[in-house]
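S.K.: Have a look at this one before I ask anything.
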Amino acid sequence: MEFRTNHEIIRRARRNARGPVWDYLAGGSESETAMRRNRFGLDSIALKPRVLRDVSTVDYATTVMGHKSRIPVFLAPMASLQLVTPAAAQAVDDAAEEFGILNMLSGHSRPSLEEIAMNSLHPKVYQIYVRGGRDWLEELLGRVKQNNYDALAVTVDAAVYSNRERQMMAGWTPPTRTNSGGREFLAALNWDTWDEIRQIWGGPMILKGVSRPEDAEIGVQHGASVIYVSNHGGRQLDHDRATIQVLPDIVAAVDGRAEVFVDGGFMRGTDVIKAIALGAQAVGIGKLQAFALCAGGLSGLMDCLTILEDEIRIAMGLLGVSSLDQLDPSYLAKARPVDPPHEMSAFPHIPGAPLT
Ligand SMILES: Cc1cc2nc3c(=O)[nH]c(=O)nc-3n(C[C@H](O)[C@H](O)[C@H](O)COP(=O)(O)O)c2cc1C
């Protein structure tokens, strides 16, 4: 392994990513309050260990949508990672397969969904932004089905494109924004569209971008297999709440009728443990995935996942739990963050953080 800590990965990523690329990966919308709240929420939870519980064997493997997962983590969909490294989506999928976790391929990825599928035997999810009507959906979902994707994630927190001010001030626009038409379909998205997609797709569906229990309830009624709690990493609605803060109410509303996923600011094994203790089935990593790719491509991402796995193992052992199902809210307490929250507050040894 080239990297022993994710600190080193972030530091290298910062060095490798030039100007607008760093801001594209690391930034949020407007004042970046929602983005920092994600970290603030995680940093506002302390862990409460038990002792003398025999943790000589710690099992952190789980299932995610019925598929075996080496750790309770998956790779969140990330557009335009080809800005970071060529054929990035392929590297991400290779890392998921080699490590043994689920990958959600962004609908805005390069190489294409066909090329990724050709090189991949493991379970995978395809994520869409709805950018067309019935014909568009039938054509795209036909290709997704034909290429044996196991599930479809529909992102629903992007009805309107947000102002990413770091990029705007740099006078730079990511390819996803310039190349893609059909925004009016994203704005018009509603439960009828969801039902139409469900009817065309006919397989498991993930509702990505939920932050209220009311919507989780409707999602379950409309057949979602997964309610995915997300505020897009604080890249869409600024001043949204921290995802870890809204998670418990959504878990309660879903009440075991679907799996609950969460993402938003997750950088550490201890972060993952907090979400599992609050009832999430799995945690998505976004920015951390991009930083790892930027630091070292496929091997950087493999190192990053191995470090995360080690952190999960250590946290569980020191909490006195030997399997994930032993985790519950009794292991958590409210706490005041030790530092002001920012996107790098999980990495205090990086000089000058936050890194802008
Ligand atoms: C560079 C970047 C690109 C993203 N592209 C997509 C995308 O194509 N589709 C999507 O549903 N979410 C996308 N997201 C949101 C992530 O899937 C995920 O919800 C978010 O990054 C999680 O927060 P985190 O970055 O703090 O881990 C993107 C996020 C980033 C940082």
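Each chain in the structure tokens gets a letter, A, B, ..., in the order shown, and its residues are numbered from 1; ligands are numbered from 1 in order too.
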Could you list, as a PyMOL selection string, all residues that come within 6 Å of ligand 1? Count only C-alpha atoms and all ligand atoms.
M.R.: chain A and resi 24-25+76-79+106+108+155+230+232-233+263-266+285-287
S.K.: Go ahead and write the residues just picked, N, CA and C atoms, as an mmCIF file, in the first residue's frame.
M.R.:
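Just written: selection_34.cif:
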data_model
loop_
_atom_site.group_PDB
_atom_site.id
_atom_site.type_symbol
_atom_site.label_atom_id
_atom_site.label_comp_id
_atom_site.auth_asym_id
_atom_site.auth_seq_id
_atom_site.Cartn_x
_atom_site.Cartn_y
_atom_site.Cartn_z
ATOM 1 N N TYR A 24 -14.377 21.598 -7.964
ATOM 2 C CA TYR A 24 -15.482 20.742 -8.416
ATOM 3 C C TYR A 24 -15.686 19.585 -7.448
ATOM 4 N N LEU A 25 -14.578 18.959 -7.024
ATOM 5 C CA LEU A 25 -14.686 17.793 -6.144
ATOM 6 C C LEU A 25 -15.078 18.194 -4.724
ATOM 7 N N ALA A 76 -20.732 6.008 -3.918
ATOM 8 C CA ALA A 76 -21.833 6.874 -4.380
ATOM 9 C C ALA A 76 -21.583 7.287 -5.833
ATOM 10 N N PRO A 77 -22.660 7.566 -6.588
ATOM 11 C CA PRO A 77 -22.454 7.962 -7.986
ATOM 12 C C PRO A 77 -21.756 9.314 -8.088
ATOM 13 N N MET A 78 -20.761 9.384 -8.952
ATOM 14 C CA MET A 78 -19.963 10.609 -9.105
ATOM 15 C C MET A 78 -19.796 10.908 -10.584
ATOM 16 N N ALA A 79 -20.288 12.062 -11.000
ATOM 17 C CA ALA A 79 -20.161 12.460 -12.406
ATOM 18 C C ALA A 79 -18.782 13.025 -12.691
ATOM 19 N N SER A 106 -22.558 6.611 -12.021
ATOM 20 C CA SER A 106 -23.286 7.832 -12.359
ATOM 21 C C SER A 106 -23.697 7.816 -13.826
ATOM 22 N N HIS A 108 -23.725 10.153 -15.598
ATOM 23 C CA HIS A 108 -22.863 11.112 -16.298
ATOM 24 C C HIS A 108 -21.417 10.650 -16.313
ATOM 25 N N THR A 155 -31.956 9.858 -8.996
ATOM 26 C CA THR A 155 -31.588 11.007 -8.158
ATOM 27 C C THR A 155 -32.671 12.067 -8.256
ATOM 28 N N SER A 230 -29.865 11.660 1.421
ATOM 29 C CA SER A 230 -28.728 12.389 0.846
ATOM 30 C C SER A 230 -29.139 13.827 0.584
ATOM 31 N N HIS A 232 -26.924 15.383 -1.469
ATOM 32 C CA HIS A 232 -25.986 15.518 -2.586
ATOM 33 C C HIS A 232 -24.641 16.051 -2.092
ATOM 34 N N GLY A 233 -24.295 15.694 -0.870
ATOM 35 C CA GLY A 233 -23.032 16.180 -0.309
ATOM 36 C C GLY A 233 -23.026 17.689 -0.098
ATOM 37 N N ASP A 263 -25.611 9.184 2.815
ATOM 38 C CA ASP A 263 -24.292 9.731 2.520
ATOM 39 C C ASP A 263 -24.272 11.185 2.945
ATOM 40 N N GLY A 264 -23.096 11.789 2.868
ATOM 41 C CA GLY A 264 -22.968 13.207 3.219
ATOM 42 C C GLY A 264 -21.911 13.411 4.282
ATOM 43 N N GLY A 265 -20.685 13.632 3.849
ATOM 44 C CA GLY A 265 -19.611 13.959 4.787
ATOM 45 C C GLY A 265 -18.921 12.769 5.411
ATOM 46 N N PHE A 266 -19.241 11.557 4.983
ATOM 47 C CA PHE A 266 -18.651 10.362 5.613
ATOM 48 C C PHE A 266 -17.208 10.181 5.131
ATOM 49 N N ILE A 285 -19.888 6.775 0.013
ATOM 50 C CA ILE A 285 -18.820 7.782 0.063
ATOM 51 C C ILE A 285 -18.717 8.469 -1.299
ATOM 52 N N GLY A 286 -18.701 9.787 -1.241
ATOM 53 C CA GLY A 286 -18.621 10.597 -2.449
ATOM 54 C C GLY A 286 -17.258 11.246 -2.546
ATOM 55 N N LYS A 287 -17.103 12.359 -1.848
ATOM 56 C CA LYS A 287 -15.844 13.118 -1.963
ATOM 57 C C LYS A 287 -14.623 12.265 -1.626
#
S.K.: Excluding A:Asp43 and its own-chain neighbours fewer than 4 positions away, which residues fall within 8 Å of it when counting only C-alpha atoms? Please give them as a list in words.
M.R.: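 Counting only the stated atoms, we get Arg39, Ala335, Arg336, Pro337, Val338 and Pro341 of chain A.
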S.K.: Residues of stretch 67-126 of chain A that have any atom at most 12 Å from an atom of stretch 291-312 of chain A: could you tabulate them with the shortest-distance atom pair and the distance in Å to one decimal, using only C-alpha atoms, ordered by chain and increasing number, as a tab-separated table?
M.R.:
residue	atom	partner	partner_atom	distance
A:Ser69	CA	A:Glu309	CA	11.5
A:Arg70	CA	A:Glu309	CA	8.4
A:Ile71	CA	A:Glu309	CA	6.5
A:Pro72	CA	A:Glu309	CA	9.2
A:Val73	CA	A:Leu305	CA	9.0
A:Phe74	CA	A:Leu305	CA	9.9
A:Leu75	CA	A:Leu305	CA	10.0
A:Met78	CA	A:Leu293	CA	11.4
A:Leu81	CA	A:Leu293	CA	8.4
A:Gln82	CA	A:Leu293	CA	9.9
A:Leu83	CA	A:Cys294	CA	9.2
A:Val84	CA	A:Cys294	CA	5.4
A:Thr85	CA	A:Gly297	CA	6.6
A:Pro86	CA	A:Gly297	CA	9.0
A:Ala87	CA	A:Gly297	CA	9.7
A:Ala88	CA	A:Gly297	CA	7.5
A:Ala89	CA	A:Leu298	CA	9.9
A:Gln90	CA	A:Leu298	CA	8.8
A:Ala91	CA	A:Leu298	CA	5.0
A:Val92	CA	A:Leu298	CA	6.7
A:Asp93	CA	A:Leu298	CA	9.2
A:Asp94	CA	A:Leu298	CA	7.4
A:Ala95	CA	A:Met302	CA	5.9
A:Ala96	CA	A:Met302	CA	8.5
A:Glu97	CA	A:Met302	CA	10.4
A:Glu98	CA	A:Met302	CA	8.2
A:Phe99	CA	A:Met302	CA	7.0
A:Gly100	CA	A:Leu305	CA	10.1
A:Ile101	CA	A:Leu305	CA	9.6
S.K.: I'd like the neighbourhood of stretch 208-213 of chain A as a PyMOL selection string, where a residue qualifies if any of its atoms comes within 7 Å (using only C-alpha atoms), though same-chain residues fewer than 3 positions away should be ignored.
M.R.: chain A and resi 153-157+216-217+227-232+246+249-250+253
S.K.: Kindly assemble as CSV a list of the stretch 251-355 of chain A residues that lie within 7 Å of stretch 52-58 of chain A, each paired with its nearest atom pair and their distance in Å to one decimal, using only C-alpha atoms, sorted first by chain and then by ascending residue number.
M.R.:
residue,atom,partner,partner_atom,distance
A:Arg313,CA,A:Val58,CA,6.6
A:Gly317,CA,A:Val55,CA,5.6
A:Gly320,CA,A:Arg53,CA,5.4
A:Val321,CA,A:Val55,CA,6.5
A:Ser322,CA,A:Val58,CA,4.3
A:Ser323,CA,A:Val58,CA,6.0
S.K.: What parts of stretch 60-239 of chain A does DSSP call strand (DSSP E)? I'd like the answer as a ChimeraX atom specification.
M.R.: /A:62-64,67-69,73-75,103-106,124-128,151-155,205-210,226-229
